[in-house]
Amino acid sequence: MNGKSMRKGLRHLMLIAVSFIMLYPILWMFFSSFKPDTEIFSTSSLWPETWTLEHYLSGFGSDAPMNFGPMFFYSFLVSIVVVIGTVFSSTLTGFAFARLNFTPRRFFIGFMFATMMLPAQVVMIPQYIIFHKVGWVNTFIPLMLPSFLGTVPFFIYLMVQFVRGIPKELDEAALIDGCSKWRLYRSVILPLSQPAIVTMSIFAFYWTWNDFFGQLIYLSNPELYTVSLGLSMFMTNMGETQWGNLFAMSILSVIPVFLIFLIFQRYLVEGIATHGLKG
Amino acid sequence: MEAPVKTLGIKRSRQKTRASLETPFQRNLTAYGFLAPWLIGMLFLTIGSMLFTFYLAFTDYDLLTTPSWTGMENFSNIWQDANFWGSIRATLLYVVLSVPARLIASLLIALLLFKEVRGIGLYRALIYLPSLIGGSVGVSIGWKKLFATDGPINSFVGIFGIEGPNWIGNPSTAIMVLILLSVWQFGSEMVIFLAGLKQIPGYLYEAAKIDGASRIRSFFSVTLPMLSPIVFFNLLMGTISSFMVFTQVYIITGGGPMNSTLFYVYYLYQQAFTYYNMGYAAALSIILLVIIAAFSGFIFLTSKYWVNYDV
């Protein structure tokens, strides 16, 4: 073996070692979720001696200690609606900022940038009070409504950047043909913005699916629990005994995000690398 | 419809003709139509809420009775609140240790993952994966059990005959468990560093090589200065997001033991949603805003001494 292939081999060895260390916590959870409860903390081997699906099955159904079925449904529901709201508000606002002329345009854009740095926790208390007064606590509205009102400046910024990259000649051609601004948005800009829309949808889904704080303050009725809240309550109530079950549901809870990663990896990486979205 | 035909081929005047068909009022009206959702959100959820926070900070409010004006009382109480100072101490310790550690880890791993070798795409994906799911409740639960007294970390150190401590039950190690969880999620920073490394032109390294620079020297004289705008970005975003840490604390330590991990936002949450001291919590959130602004401002101000924008 010459020096070059030695170095190459060494590099692969390092890469494998780093990958293994990084993935160990997830692998451990994954394999533990297939072990009987008595085996999880008694063996140090990753691989289960006996495989069981019991932990996955006992997370669902009306006789389960805690039925995760509705929780997964609610998490999906909230996340999907937030994606719709995000696309709706961000494309409208982004289009207006990038293409329309109005006063005070500069001021509004500057304002949007300023709010990018504003920590959500600063406005959380009054927002909670408002939703509480309207009687929307313990509904999904406080989790969904803000997305329709363009409250995530990152997505608007993403859209503005993207629309600016679309050749202006297309707009002009459409306007000559007598297109209204709405038709221009609907039939020219929107179809061409598909990559930006995919990126924002992925991030909106993923952030909402992983969200805990918002769901925790707005949903206290266990009937409305999402997966995040369900897992948290499960851990508090039965966490010291039923680890297998808890691990199984935790693994299931990260699968939607994992699938997005598998399918849309390119968009995800691009969103992080070129738009600075928090991955 | 006549105007465009008449001026066909002369782009400027065509545009003007089109624009002149609209009065400024109509033009603004169209734009405001598109902006309506954002304007409503801005007015009520952002500006309105900000102003409301500032008002609440000077009141005593429990969500049921009407807010009563108390002037500076919340702030003077906070000043004497041992838990507030405890949370400041814990949060600063967390930020100061986890942010640089994550930066260094992400840069080193990005360097390792930069060179194209067979299967590099898979390695990059695998190493990024923890960052994607690491903020979730599910992974926090796993992390908690990983560091349990009878968990795998302690069985691992047991191999070397060391009796592992009760990581989460011990005030000095509990915060380390949370810092480690944060460092484990260096993936976003790594992805940005990787994109930055690709932007560095190869001739700079060649020039350095010709000048007789060692690999370590060229890292400090070429790579690092070229990446400094990215270090700046990662440092800023990482600092802000570290102040916001919540889920992990809630799930893993619950602020304990002995308030050693009572991070700021967790304390804020307790005041607002466990004790319903809305006025007090509003005052806390204004202080948080000031702290974050100070940190960001400091990073911005010092950046002109260490960020290289020449290239």
# chains A, B, ... in the order shown; residues from 1 in each chain; ligands from 1

$ residues_around --residues "stretch 273-279 of chain A" --least-positions-apart "3" --cutoff "7 Å" --atoms "only C-alpha atoms" --output "NGL selection string"
(:A and (158 or 269-270)) or (:B and (132 or 188 or 191-192 or 195))

$ closest_atom_pairs --of "chain B" --to "chain A" --cutoff "6 Å" --atoms "only C-alpha atoms" --output "tab-separated table"
residue	atom	partner	partner_atom	distance
B:Asn28	CA	A:Phe102	CA	5.0
B:Phe34	CA	A:Leu92	CA	5.4
B:Leu35	CA	A:Thr93	CA	5.3
B:Pro37	CA	A:Leu149	CA	4.7
B:Trp38	CA	A:Leu149	CA	5.0
B:Gly41	CA	A:Leu149	CA	4.6
B:Ser49	CA	A:Pro126	CA	5.3
B:Met50	CA	A:Val123	CA	5.7
B:Ile127	CA	A:Ser19	CA	5.5
B:Ser136	CA	A:Asn210	CA	5.1
B:Val137	CA	A:Ser228	CA	5.7
B:Gly138	CA	A:Ser250	CA	4.2
B:Ser188	CA	A:Gly279	CA	5.3
B:Ile192	CA	A:Ala273	CA	4.6
B:Ser285	CA	A:Val122	CA	5.1

$ write_last_selection --atoms "N, CA and C atoms" --output "PDB file, in the first residue's frame"
ATOM      1  N   ASN B  28     -50.930  52.170  -5.118  1.00  0.00           N
ATOM      2  CA  ASN B  28     -50.802  51.813  -3.712  1.00  0.00           C
ATOM      3  C   ASN B  28     -51.884  50.840  -3.277  1.00  0.00           C
ATOM      4  N   PHE B  34     -52.044  43.197  -1.806  1.00  0.00           N
ATOM      5  CA  PHE B  34     -51.115  42.074  -1.673  1.00  0.00           C
ATOM      6  C   PHE B  34     -50.505  42.008  -0.270  1.00  0.00           C
ATOM      7  N   LEU B  35     -50.286  43.191   0.297  1.00  0.00           N
ATOM      8  CA  LEU B  35     -49.599  43.242   1.587  1.00  0.00           C
ATOM      9  C   LEU B  35     -50.539  43.072   2.778  1.00  0.00           C
ATOM     10  N   PRO B  37     -52.262  40.687   4.353  1.00  0.00           N
ATOM     11  CA  PRO B  37     -52.010  39.724   5.438  1.00  0.00           C
ATOM     12  C   PRO B  37     -50.811  40.134   6.283  1.00  0.00           C
ATOM     13  N   TRP B  38     -49.742  40.535   5.603  1.00  0.00           N
ATOM     14  CA  TRP B  38     -48.524  40.894   6.324  1.00  0.00           C
ATOM     15  C   TRP B  38     -48.743  42.134   7.197  1.00  0.00           C
ATOM     16  N   GLY B  41     -50.662  41.220  10.302  1.00  0.00           N
ATOM     17  CA  GLY B  41     -49.780  40.510  11.227  1.00  0.00           C
ATOM     18  C   GLY B  41     -48.807  41.455  11.904  1.00  0.00           C
ATOM     19  N   SER B  49     -48.040  43.779  19.782  1.00  0.00           N
ATOM     20  CA  SER B  49     -47.580  42.945  20.887  1.00  0.00           C
ATOM     21  C   SER B  49     -46.371  43.540  21.577  1.00  0.00           C
ATOM     22  N   MET B  50     -45.479  44.155  20.767  1.00  0.00           N
ATOM     23  CA  MET B  50     -44.307  44.792  21.356  1.00  0.00           C
ATOM     24  C   MET B  50     -44.725  45.890  22.336  1.00  0.00           C
ATOM     25  N   ILE B 127     -23.861  12.832   9.140  1.00  0.00           N
ATOM     26  CA  ILE B 127     -23.371  13.710  10.200  1.00  0.00           C
ATOM     27  C   ILE B 127     -24.310  14.903  10.413  1.00  0.00           C
ATOM     28  N   SER B 136     -36.020  18.154  18.703  1.00  0.00           N
ATOM     29  CA  SER B 136     -37.358  17.631  18.984  1.00  0.00           C
ATOM     30  C   SER B 136     -37.453  17.058  20.396  1.00  0.00           C
ATOM     31  N   VAL B 137     -38.682  16.900  20.832  1.00  0.00           N
ATOM     32  CA  VAL B 137     -38.931  16.315  22.149  1.00  0.00           C
ATOM     33  C   VAL B 137     -38.415  14.878  22.177  1.00  0.00           C
ATOM     34  N   GLY B 138     -38.662  14.149  21.080  1.00  0.00           N
ATOM     35  CA  GLY B 138     -38.268  12.747  21.022  1.00  0.00           C
ATOM     36  C   GLY B 138     -36.789  12.538  21.285  1.00  0.00           C
ATOM     37  N   SER B 188     -26.087  22.614  10.973  1.00  0.00           N
ATOM     38  CA  SER B 188     -26.404  23.796  10.150  1.00  0.00           C
ATOM     39  C   SER B 188     -25.155  24.611   9.897  1.00  0.00           C
ATOM     40  N   ILE B 192     -23.135  25.469   6.304  1.00  0.00           N
ATOM     41  CA  ILE B 192     -22.770  26.812   5.841  1.00  0.00           C
ATOM     42  C   ILE B 192     -21.261  26.912   5.628  1.00  0.00           C
ATOM     43  N   SER B 285     -38.991  39.565  29.628  1.00  0.00           N
ATOM     44  CA  SER B 285     -38.739  39.446  28.188  1.00  0.00           C
ATOM     45  C   SER B 285     -38.118  40.721  27.621  1.00  0.00           C
TER      46      SER B 285
END

$ closest_residue --among "B:Val96, B:Met176, B:Ile78, B:Ala148" --to "B:Gly279" --atoms "only C-alpha atoms"
B:Ile78

$ atom_distance --atom1 "atom CA of B:Gln271" --atom2 "atom CA of B:Gly142"
27.7 Å

$ closest_residue --among "A:Gly59, A:Asn237, A:Gly135, A:Thr38" --to "A:Met71" --atoms "only C-alpha atoms"
A:Gly59

$ atom_distance --atom1 "atom CA of A:Gly9" --atom2 "atom CA of B:Gly187"
24.2 Å

$ atom_distance --atom1 "atom CA of B:Val177" --atom2 "atom CA of A:Ser33"
22.3 Å

$ residues_around --residues "B:Tyr94" --least-positions-apart "2" --cutoff "10 Å" --atoms "only C-alpha atoms" --output "VMD selection string"
chain B and resid 88 to 92 96 to 99 175 to 176 178 to 179 182 242 to 243 245 261 263

$ closest_residue --among "B:Leu93, B:Val222, B:Met72, B:Ala272" --to "B:Glu206" --atoms "only C-alpha atoms"
B:Val222

$ residues_around --residues "A:Thr199" --least-positions-apart "3" --cutoff "7 Å" --atoms "only C-alpha atoms" --output "PDB file with N, CA and C atoms, in the first residue's frame"
ATOM      1  N   PRO A 195     -39.294  26.535  -6.742  1.00  0.00           N
ATOM      2  CA  PRO A 195     -38.223  26.114  -5.834  1.00  0.00           C
ATOM      3  C   PRO A 195     -38.260  26.843  -4.492  1.00  0.00           C
ATOM      4  N   ALA A 196     -38.558  28.143  -4.521  1.00  0.00           N
ATOM      5  CA  ALA A 196     -38.633  28.894  -3.262  1.00  0.00           C
ATOM      6  C   ALA A 196     -39.804  28.390  -2.424  1.00  0.00           C
ATOM      7  N   ILE A 202     -40.881  23.140   3.211  1.00  0.00           N
ATOM      8  CA  ILE A 202     -40.112  22.173   3.984  1.00  0.00           C
ATOM      9  C   ILE A 202     -39.790  22.727   5.367  1.00  0.00           C
ATOM     10  N   PHE A 203     -39.286  23.968   5.388  1.00  0.00           N
ATOM     11  CA  PHE A 203     -38.895  24.535   6.674  1.00  0.00           C
ATOM     12  C   PHE A 203     -40.109  24.818   7.561  1.00  0.00           C
ATOM     13  N   TYR A 267     -32.959  20.850  -1.263  1.00  0.00           N
ATOM     14  CA  TYR A 267     -33.630  22.100  -0.890  1.00  0.00           C
ATOM     15  C   TYR A 267     -33.264  22.503   0.531  1.00  0.00           C
ATOM     16  N   LEU A 268     -33.169  21.495   1.369  1.00  0.00           N
ATOM     17  CA  LEU A 268     -32.871  21.735   2.772  1.00  0.00           C
ATOM     18  C   LEU A 268     -31.481  22.344   2.916  1.00  0.00           C
ATOM     19  N   GLY A 271     -31.432  25.824   1.537  1.00  0.00           N
ATOM     20  CA  GLY A 271     -32.093  26.773   2.440  1.00  0.00           C
ATOM     21  C   GLY A 271     -31.172  27.208   3.564  1.00  0.00           C
TER      22      GLY A 271
END

$ select_by_dssp --residues "stretch 133-271 of chain A" --states "alpha helix (DSSP H)" --output "MDAnalysis selection string"
chainID A and resid 133:134 141:148 153:164 168:176 181:183 190:192 194:210 213:218 227:238 243:271

$ closest_residue --among "B:Arg217, B:Phe193, B:Met244, B:Ala282" --to "B:Ile104" --atoms "only C-alpha atoms"
B:Phe193

$ closest_residue --among "A:Phe264, A:Pro222, A:Val137, A:Gly244" --to "A:Leu53" --atoms "only C-alpha atoms"
A:Gly244

$ residues_around --residues "stretch 225-237 of chain B" --least-positions-apart "2" --cutoff "8 Å" --atoms "only C-alpha atoms" --output "list in words"
Val99, Pro100, Leu103, Glu189, Ile192, Phe193, Gly196, Leu197, Ile200, Phe220, Ser221, Val222, Thr223, Thr239, Ile240, Ser241, Ser296, Ile299, Ser303, Trp306, Val307, Asn308, Tyr309 and Val311 of chain B

$ write_last_selection --atoms "N, CA and C atoms" --output "mmCIF file, in the first residue's frame"
data_model
loop_
_atom_site.group_PDB
_atom_site.id
_atom_site.type_symbol
_atom_site.label_atom_id
_atom_site.label_comp_id
_atom_site.auth_asym_id
_atom_site.auth_seq_id
_atom_site.Cartn_x
_atom_site.Cartn_y
_atom_site.Cartn_z
ATOM 1 N N VAL B 99 -21.678 27.856 22.294
ATOM 2 C CA VAL B 99 -21.550 28.501 20.984
ATOM 3 C C VAL B 99 -20.143 28.319 20.383
ATOM 4 N N PRO B 100 -19.073 28.657 21.123
ATOM 5 C CA PRO B 100 -17.749 28.426 20.534
ATOM 6 C C PRO B 100 -17.470 26.949 20.266
ATOM 7 N N LEU B 103 -19.111 26.029 17.103
ATOM 8 C CA LEU B 103 -18.405 26.639 15.967
ATOM 9 C C LEU B 103 -17.166 25.832 15.601
ATOM 10 N N GLU B 189 -24.398 24.847 10.970
ATOM 11 C CA GLU B 189 -23.172 25.623 10.847
ATOM 12 C C GLU B 189 -22.217 24.917 9.890
ATOM 13 N N ILE B 192 -23.135 25.469 6.304
ATOM 14 C CA ILE B 192 -22.770 26.812 5.841
ATOM 15 C C ILE B 192 -21.261 26.912 5.628
ATOM 16 N N PHE B 193 -20.491 26.312 6.534
ATOM 17 C CA PHE B 193 -19.034 26.303 6.363
ATOM 18 C C PHE B 193 -18.641 25.569 5.076
ATOM 19 N N GLY B 196 -19.128 27.700 2.219
ATOM 20 C CA GLY B 196 -18.101 28.739 2.214
ATOM 21 C C GLY B 196 -16.763 28.218 1.720
ATOM 22 N N LEU B 197 -16.411 26.995 2.133
ATOM 23 C CA LEU B 197 -15.131 26.414 1.712
ATOM 24 C C LEU B 197 -15.071 26.273 0.194
ATOM 25 N N ILE B 200 -13.806 29.362 -1.754
ATOM 26 C CA ILE B 200 -12.413 29.831 -1.683
ATOM 27 C C ILE B 200 -11.684 29.394 -2.951
ATOM 28 N N PHE B 220 -4.594 28.989 8.643
ATOM 29 C CA PHE B 220 -4.758 30.229 9.405
ATOM 30 C C PHE B 220 -4.642 31.481 8.539
ATOM 31 N N SER B 221 -3.886 31.377 7.427
ATOM 32 C CA SER B 221 -3.687 32.583 6.612
ATOM 33 C C SER B 221 -4.615 32.674 5.408
ATOM 34 N N VAL B 222 -5.175 31.547 4.990
ATOM 35 C CA VAL B 222 -6.089 31.589 3.838
ATOM 36 C C VAL B 222 -7.504 31.206 4.253
ATOM 37 N N THR B 223 -7.652 29.970 4.731
ATOM 38 C CA THR B 223 -8.997 29.452 5.011
ATOM 39 C C THR B 223 -9.751 30.325 6.020
ATOM 40 N N THR B 239 -25.484 32.483 18.817
ATOM 41 C CA THR B 239 -25.648 33.139 20.112
ATOM 42 C C THR B 239 -27.123 33.425 20.372
ATOM 43 N N ILE B 240 -27.793 33.988 19.371
ATOM 44 C CA ILE B 240 -29.207 34.320 19.558
ATOM 45 C C ILE B 240 -30.012 33.054 19.857
ATOM 46 N N SER B 241 -29.769 31.993 19.082
ATOM 47 C CA SER B 241 -30.590 30.798 19.281
ATOM 48 C C SER B 241 -30.247 30.100 20.603
ATOM 49 N N SER B 296 -25.564 40.974 20.353
ATOM 50 C CA SER B 296 -25.485 41.127 18.893
ATOM 51 C C SER B 296 -24.685 42.373 18.548
ATOM 52 N N ILE B 299 -21.034 41.750 18.972
ATOM 53 C CA ILE B 299 -20.475 40.943 17.878
ATOM 54 C C ILE B 299 -20.327 41.807 16.620
ATOM 55 N N SER B 303 -16.745 43.007 14.918
ATOM 56 C CA SER B 303 -16.541 42.281 13.658
ATOM 57 C C SER B 303 -15.592 43.009 12.718
ATOM 58 N N TRP B 306 -12.101 41.630 12.998
ATOM 59 C CA TRP B 306 -11.714 40.251 12.675
ATOM 60 C C TRP B 306 -12.443 39.656 11.471
ATOM 61 N N VAL B 307 -13.432 40.375 10.926
ATOM 62 C CA VAL B 307 -14.098 39.829 9.740
ATOM 63 C C VAL B 307 -13.490 40.471 8.503
ATOM 64 N N ASN B 308 -13.154 39.617 7.545
ATOM 65 C CA ASN B 308 -12.471 40.072 6.348
ATOM 66 C C ASN B 308 -13.472 40.187 5.195
ATOM 67 N N TYR B 309 -13.798 41.423 4.829
ATOM 68 C CA TYR B 309 -14.776 41.608 3.745
ATOM 69 C C TYR B 309 -14.119 41.994 2.426
ATOM 70 N N VAL B 311 -12.698 40.237 0.205
ATOM 71 C CA VAL B 311 -12.790 39.319 -0.939
ATOM 72 C C VAL B 311 -14.201 39.057 -1.407
#
